[in-house]
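Below: the structure, in C-alpha cells.
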Amino acid sequence: MKGKIQIPHYPPLFFIKMTERLRYFFLRLYRKFTHPNVAVFEMVHHFWLAAAIGVAGELGLADILKEGPKAIGELASITGTNEESLYRLLRMLASNDIFREKHNRLFVLTPLAKALQEDQVKYLVTSHLTKLHFQMFSELMYSVRSGKSSSVLVTGSKLFDHIGEDKQRNELFIKAMTNASMMQVAAIIPAFSFRRYRNIVDIGGGQGLMMASILQKFPRCRGFIFDLPQSADHALKIIENYNISDRCSFISGSFFESIPEGGDLYMVKSILHDWDDEACLKILRNIYKAMPSASKLLVIESIIDEGNEPSFGKMTDILMMVSVGGKERTKAEYSSLLAQAGFKITKIYRTVSPHSIIEAEKEP
C-alpha cells in the first residue's frame, strides 16, 4: 500500500437527491416511450456489459491507459489477449462511455474507465464480477425456491469460509472492502459528530480506512479496529501510513465470540446485512455486553424504503440472498432487530451515499 488512500468528494445531500429524482424521472420517461419488450431485453444487456467490465478490470486496461492512448494491437500484446476479441470488448465498453475509441482503433480513458484503476474502485468492481459470482447467480432460482444461499451449492461451504480458505480470494475481498470504505468515508464522516467520542471501536473494521479517516480528522479521538487476524497486516499498514499508531490499535477476534469493552462509540458498518436475523442478534448482543451504559452504537447500512422507488439496497439485497444468506432491511426491521438485542434507535442520519447511519443506545 502506497501512502494514504484518496477519498472522493461528494456534492451536498440536497443536490444528490435532486439529481437522483431527475435521473429516475428521465429513466421512467424513456421506458414509458419504449416498447416493454425492448425495454426489458435492454435490461438483459446489462449482464453482458457487467461481464465485459469485469474482464477490463481483471486485465488492468484502465491502469495501462494511464500512460496515454494506446492502439488495440499494443493493448493486446501487453495483456496477452486476442487483438480482434479485445477490440470488440473495448468497442462495446466505449459505446457505454467506458473508454473511448479514437481513429485507427486507438483507445483512451474516460471518467468512467478511470473508476477501474487500482487507486479507485477496481477491486470492489472486479470482486463482484468473478467467476464465482456468476456461478452463484446462475443458481438464483435455487435461492428463490429454497430460501438459502446458493454459495454453499456452488462452493460446498459458506462464502466467507470459502474466501478465507484461499489467500488470493481473501486479499481481493479485503481490497474490495477498502474500496467500499473509500466511497463511504466521504459520505459518513460529515454526517455524524464523531468528535464527541474519545474511544471508538470499529467492529469488523477490515483494513481500517474508516477508522483512520476519522482519527485523522479528529485528533482527540482514539480508535480500535476489531476484526479477524487476516486483516491485521493491512490494517497496521493503514495505521502506519496515516501516522496514527499512538491513537489506534488493531484487535484480533470474532464478533460472534466477544467484543472489546470500554468504547464510548461502537460502529458496525456493512456487517449486519451479511447475516440472517439469528446471527445479527448474536453480534448485537455481544456488543450490548461490551458497551458501557452511556455508549452509543452506530449501524451503518442501506435502509430499504417502502414502495416501488429504485433503491441500491433492493439490488444488494439479492446479492446478500444469493451469496451469504443475509439481507438488507427496512427501518422497521432494524428497529425490531435492535430492540430484541436491548437497543433502541435514537436517530437516523441520511448520507449522500446509499448508506444511512442508525444511532442506537441501550434501553434503560
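Numbering starts fresh at 1 for the residues of each chain in the C-alpha cells, the chains themselves are lettered A, B, ... in the order given, and ligands are numbered from 1 as they appear.
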
Quiz item: Using only C-alpha atoms, which residues sit within 8 Å of segment 144-153 of chain A once same-chain residues fewer than 4 positions away are excluded, as a list in words?
Solution: Met136, Phe137, Glu139, Leu140, Ser157, Lys158, Leu159, Met321, Val322, Ser323, Val324 and Gly325 of chain A

Quiz item: Which residues come within 9 Å of Leu61 of chain A, counting only C-alpha atoms, excluding same-chain residues fewer than 4 positions away, as a ChimeraX atom specification?
Solution: /A:56-57,65-66,75,79,113,116-117

Please report as JSON lines every residue of segment 146-225 of chain A lying within 10 Å of segment 248-267 of chain A, along with the nearest atom pair and their distance in Å (one decimal), using only C-alpha atoms.
```
{"residue": "A:Phe194", "atom": "CA", "partner": "A:Leu265", "partner_atom": "CA", "distance": 8.6}
{"residue": "A:Arg196", "atom": "CA", "partner": "A:Leu265", "partner_atom": "CA", "distance": 9.3}
{"residue": "A:Tyr197", "atom": "CA", "partner": "A:Asp264", "partner_atom": "CA", "distance": 6.3}
{"residue": "A:Arg198", "atom": "CA", "partner": "A:Asp264", "partner_atom": "CA", "distance": 6.9}
{"residue": "A:Asn199", "atom": "CA", "partner": "A:Gly263", "partner_atom": "CA", "distance": 4.9}
{"residue": "A:Ile200", "atom": "CA", "partner": "A:Leu265", "partner_atom": "CA", "distance": 4.8}
{"residue": "A:Val201", "atom": "CA", "partner": "A:Tyr266", "partner_atom": "CA", "distance": 4.8}
{"residue": "A:Asp202", "atom": "CA", "partner": "A:Met267", "partner_atom": "CA", "distance": 4.8}
{"residue": "A:Ile203", "atom": "CA", "partner": "A:Met267", "partner_atom": "CA", "distance": 5.9}
{"residue": "A:Gly204", "atom": "CA", "partner": "A:Phe255", "partner_atom": "CA", "distance": 7.5}
{"residue": "A:Gly205", "atom": "CA", "partner": "A:Met267", "partner_atom": "CA", "distance": 8.5}
{"residue": "A:Gly206", "atom": "CA", "partner": "A:Phe250", "partner_atom": "CA", "distance": 9.6}
{"residue": "A:Gln207", "atom": "CA", "partner": "A:Phe250", "partner_atom": "CA", "distance": 9.4}
{"residue": "A:Gly208", "atom": "CA", "partner": "A:Phe250", "partner_atom": "CA", "distance": 8.6}
{"residue": "A:Met211", "atom": "CA", "partner": "A:Cys248", "partner_atom": "CA", "distance": 8.3}
{"residue": "A:Ala212", "atom": "CA", "partner": "A:Cys248", "partner_atom": "CA", "distance": 8.0}
{"residue": "A:Leu215", "atom": "CA", "partner": "A:Cys248", "partner_atom": "CA", "distance": 8.1}
{"residue": "A:Cys221", "atom": "CA", "partner": "A:Cys248", "partner_atom": "CA", "distance": 9.1}
{"residue": "A:Arg222", "atom": "CA", "partner": "A:Cys248", "partner_atom": "CA", "distance": 5.9}
{"residue": "A:Gly223", "atom": "CA", "partner": "A:Cys248", "partner_atom": "CA", "distance": 4.6}
{"residue": "A:Phe224", "atom": "CA", "partner": "A:Ser249", "partner_atom": "CA", "distance": 5.0}
{"residue": "A:Ile225", "atom": "CA", "partner": "A:Phe250", "partner_atom": "CA", "distance": 4.7}
```

Practice problem: Might you pull out every residue within 10 Å of Leu106 of chain A, with only C-alpha atoms counted and same-chain residues fewer than 5 positions away left off, and present them as number ranges by chain? | Solution: A: 69-75, 87, 100-101

Would you export the selected residues with N, CA, C and O atoms as an mmCIF file, in the first residue's frame, please?
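Output file selection-v5.cif is given in full below:
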```cif
data_model
loop_
_atom_site.group_PDB
_atom_site.id
_atom_site.type_symbol
_atom_site.label_atom_id
_atom_site.label_comp_id
_atom_site.auth_asym_id
_atom_site.auth_seq_id
_atom_site.Cartn_x
_atom_site.Cartn_y
_atom_site.Cartn_z
ATOM 1 N N PRO A 69 -2.970 7.323 -24.679
ATOM 2 C CA PRO A 69 -3.677 6.496 -25.672
ATOM 3 C C PRO A 69 -2.813 5.338 -26.160
ATOM 4 O O PRO A 69 -1.591 5.465 -26.277
ATOM 5 N N LYS A 70 -3.470 4.219 -26.436
ATOM 6 C CA LYS A 70 -2.758 3.064 -26.971
ATOM 7 C C LYS A 70 -3.604 2.397 -28.058
ATOM 8 O O LYS A 70 -4.835 2.323 -27.943
ATOM 9 N N ALA A 71 -2.925 1.897 -29.074
ATOM 10 C CA ALA A 71 -3.602 1.169 -30.142
ATOM 11 C C ALA A 71 -4.001 -0.216 -29.646
ATOM 12 O O ALA A 71 -3.379 -0.771 -28.728
ATOM 13 N N ILE A 72 -4.998 -0.776 -30.282
ATOM 14 C CA ILE A 72 -5.522 -2.066 -29.829
ATOM 15 C C ILE A 72 -4.463 -3.161 -29.912
ATOM 16 O O ILE A 72 -4.408 -4.056 -29.055
ATOM 17 N N GLY A 73 -3.584 -3.092 -30.903
ATOM 18 C CA GLY A 73 -2.534 -4.093 -31.036
ATOM 19 C C GLY A 73 -1.589 -4.084 -29.844
ATOM 20 O O GLY A 73 -1.214 -5.142 -29.320
ATOM 21 N N GLU A 74 -1.231 -2.890 -29.397
ATOM 22 C CA GLU A 74 -0.346 -2.772 -28.235
ATOM 23 C C GLU A 74 -1.043 -3.254 -26.966
ATOM 24 O O GLU A 74 -0.439 -3.943 -26.134
ATOM 25 N N LEU A 75 -2.320 -2.903 -26.816
ATOM 26 C CA LEU A 75 -3.080 -3.353 -25.649
ATOM 27 C C LEU A 75 -3.176 -4.875 -25.611
ATOM 28 O O LEU A 75 -3.039 -5.499 -24.554
ATOM 29 N N TYR A 87 -10.587 -5.911 -29.129
ATOM 30 C CA TYR A 87 -11.175 -4.732 -29.775
ATOM 31 C C TYR A 87 -12.694 -4.749 -29.641
ATOM 32 O O TYR A 87 -13.323 -3.721 -29.313
ATOM 33 N N ARG A 100 -12.859 5.300 -24.623
ATOM 34 C CA ARG A 100 -13.292 5.963 -25.853
ATOM 35 C C ARG A 100 -12.385 5.540 -26.993
ATOM 36 O O ARG A 100 -11.164 5.496 -26.843
ATOM 37 N N GLU A 101 -13.019 5.215 -28.117
ATOM 38 C CA GLU A 101 -12.245 4.834 -29.298
ATOM 39 C C GLU A 101 -11.965 6.060 -30.158
ATOM 40 O O GLU A 101 -12.874 6.822 -30.481
#
```

Quiz item: Among segment 181-299 of chain A, which residues carry a DSSP assignment of helix (DSSP H, G or I), reported as a PyMOL selection string?
Solution: chain A and resi 181-191+194-196+209-217+229-241+272-274+277-290

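Between Ile5 of chain A and the residues A:Lys237, A:Arg91, A:Arg105, A:Arg329, the shortest atom-to-atom distance, using only C-alpha atoms, involves A:Lys237.
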
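Using only C-alpha atoms, the protein and nucleic acid residues lying no more than 7 Å from segment 160-172 of chain A, apart from those fewer than 4 places from it along its own chain, are A:Tyr123, A:Ser127, A:Ala176.
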
Store the residues of this selection in a file with N, CA, C and O atoms, as a compact mmCIF listing (two decimals), in the first residue's frame.
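The result, stored in part_38.txt:
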```txt
# COMPACT_ATOMS: atom_id res chain seq x y z
N TYR A 123 -11.03 -3.04 -7.33
CA TYR A 123 -11.19 -4.30 -6.61
C TYR A 123 -12.63 -4.51 -6.16
O TYR A 123 -13.11 -5.64 -6.11
N SER A 127 -14.32 -7.79 -7.76
CA SER A 127 -14.68 -8.82 -6.78
C SER A 127 -16.13 -9.26 -6.94
O SER A 127 -16.50 -10.37 -6.53
N ALA A 176 -11.38 -5.10 -1.79
CA ALA A 176 -12.71 -4.66 -2.22
C ALA A 176 -13.44 -3.91 -1.11
O ALA A 176 -14.08 -2.88 -1.36
```

Quiz item: Suppose you want the space between atom CA of His45 of chain A and atom CA of Leu90 of chain A; what is it in Å?
Solution: 15.4 Å

Exercise. Name the residues in contact with Ser311 of chain A at a cut-off of 12 Å, using only C-alpha atoms, excluding same-chain residues fewer than 2 positions from it; report them as number ranges by chain.
Key: A: 20-21, 24, 302-309, 313-318, 328-330, 353-355

Could you please take those selected residues and save N, CA and C atoms as a short mmCIF file (atom, residue, chain, number, x, y, z; two decimals), in the first residue's frame?
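Listed below is the output, out-v1.cif:
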```cif
data_model
loop_
_atom_site.label_atom_id
_atom_site.label_comp_id
_atom_site.auth_asym_id
_atom_site.auth_seq_id
_atom_site.Cartn_x
_atom_site.Cartn_y
_atom_site.Cartn_z
N GLU A 20 -30.86 12.56 -8.35
CA GLU A 20 -31.41 11.20 -8.39
C GLU A 20 -32.85 11.22 -8.88
N ARG A 21 -33.64 12.17 -8.39
CA ARG A 21 -35.03 12.27 -8.84
C ARG A 21 -35.09 12.54 -10.34
N TYR A 24 -34.06 9.29 -12.29
CA TYR A 24 -35.10 8.26 -12.33
C TYR A 24 -36.32 8.74 -13.13
N SER A 302 -27.47 0.19 4.28
CA SER A 302 -28.55 0.70 3.42
C SER A 302 -29.88 0.37 4.08
N ILE A 303 -30.78 1.32 4.09
CA ILE A 303 -32.13 1.08 4.62
C ILE A 303 -33.09 1.06 3.43
N ILE A 304 -33.82 -0.03 3.31
CA ILE A 304 -34.75 -0.16 2.19
C ILE A 304 -36.01 0.63 2.50
N ASP A 305 -36.35 1.53 1.60
CA ASP A 305 -37.58 2.30 1.74
C ASP A 305 -38.76 1.52 1.15
N GLU A 306 -39.94 1.80 1.69
CA GLU A 306 -41.15 1.14 1.19
C GLU A 306 -41.49 1.69 -0.20
N GLY A 307 -42.33 0.95 -0.92
CA GLY A 307 -42.79 1.42 -2.23
C GLY A 307 -41.93 0.90 -3.37
N ASN A 308 -42.18 1.47 -4.56
CA ASN A 308 -41.55 0.96 -5.78
C ASN A 308 -40.40 1.81 -6.28
N GLU A 309 -39.91 2.73 -5.45
CA GLU A 309 -38.80 3.58 -5.89
C GLU A 309 -37.53 2.74 -6.07
N GLY A 313 -30.29 -0.57 -2.06
CA GLY A 313 -30.49 -1.65 -1.11
C GLY A 313 -31.32 -2.80 -1.67
N LYS A 314 -32.29 -2.48 -2.53
CA LYS A 314 -33.10 -3.54 -3.13
C LYS A 314 -32.27 -4.40 -4.09
N MET A 315 -31.25 -3.79 -4.68
CA MET A 315 -30.35 -4.55 -5.56
C MET A 315 -29.39 -5.41 -4.73
N THR A 316 -28.73 -4.79 -3.75
CA THR A 316 -27.75 -5.56 -2.96
C THR A 316 -28.42 -6.61 -2.09
N ASP A 317 -29.71 -6.43 -1.81
CA ASP A 317 -30.45 -7.43 -1.05
C ASP A 317 -30.43 -8.79 -1.77
N ILE A 318 -30.54 -8.76 -3.09
CA ILE A 318 -30.50 -10.01 -3.85
C ILE A 318 -29.09 -10.61 -3.82
N GLU A 328 -30.69 -7.05 3.19
CA GLU A 328 -30.86 -5.64 3.53
C GLU A 328 -32.19 -5.52 4.26
N ARG A 329 -32.37 -4.45 5.05
CA ARG A 329 -33.55 -4.37 5.91
C ARG A 329 -34.20 -2.99 5.84
N THR A 330 -35.46 -2.96 6.17
CA THR A 330 -36.20 -1.70 6.28
C THR A 330 -35.93 -1.08 7.65
N SER A 353 -24.49 8.99 0.32
CA SER A 353 -24.34 7.65 -0.25
C SER A 353 -25.64 6.87 -0.01
N PRO A 354 -25.74 5.65 -0.54
CA PRO A 354 -26.93 4.83 -0.25
C PRO A 354 -27.01 4.35 1.19
N HIS A 355 -25.95 4.60 1.97
CA HIS A 355 -25.92 4.12 3.36
C HIS A 355 -26.43 5.18 4.32
#
```

Exercise. Looking only at strand (DSSP E or B) from DSSP on the backbone, list the matching residues of segment 149-357 of chain A as a ChimeraX atom specification.
Key: /A:199-203,222-227,248-252,265-269,296-304,329-330,343-350,355-357

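Those residues that approach Ala360 of chain A to within 7 Å, counting only C-alpha atoms, are Lys296, Leu297, Leu298, Phe343, Lys344, Ile345, Thr346 and Ile358 of chain A; same-chain residues fewer than 2 positions away are not listed.
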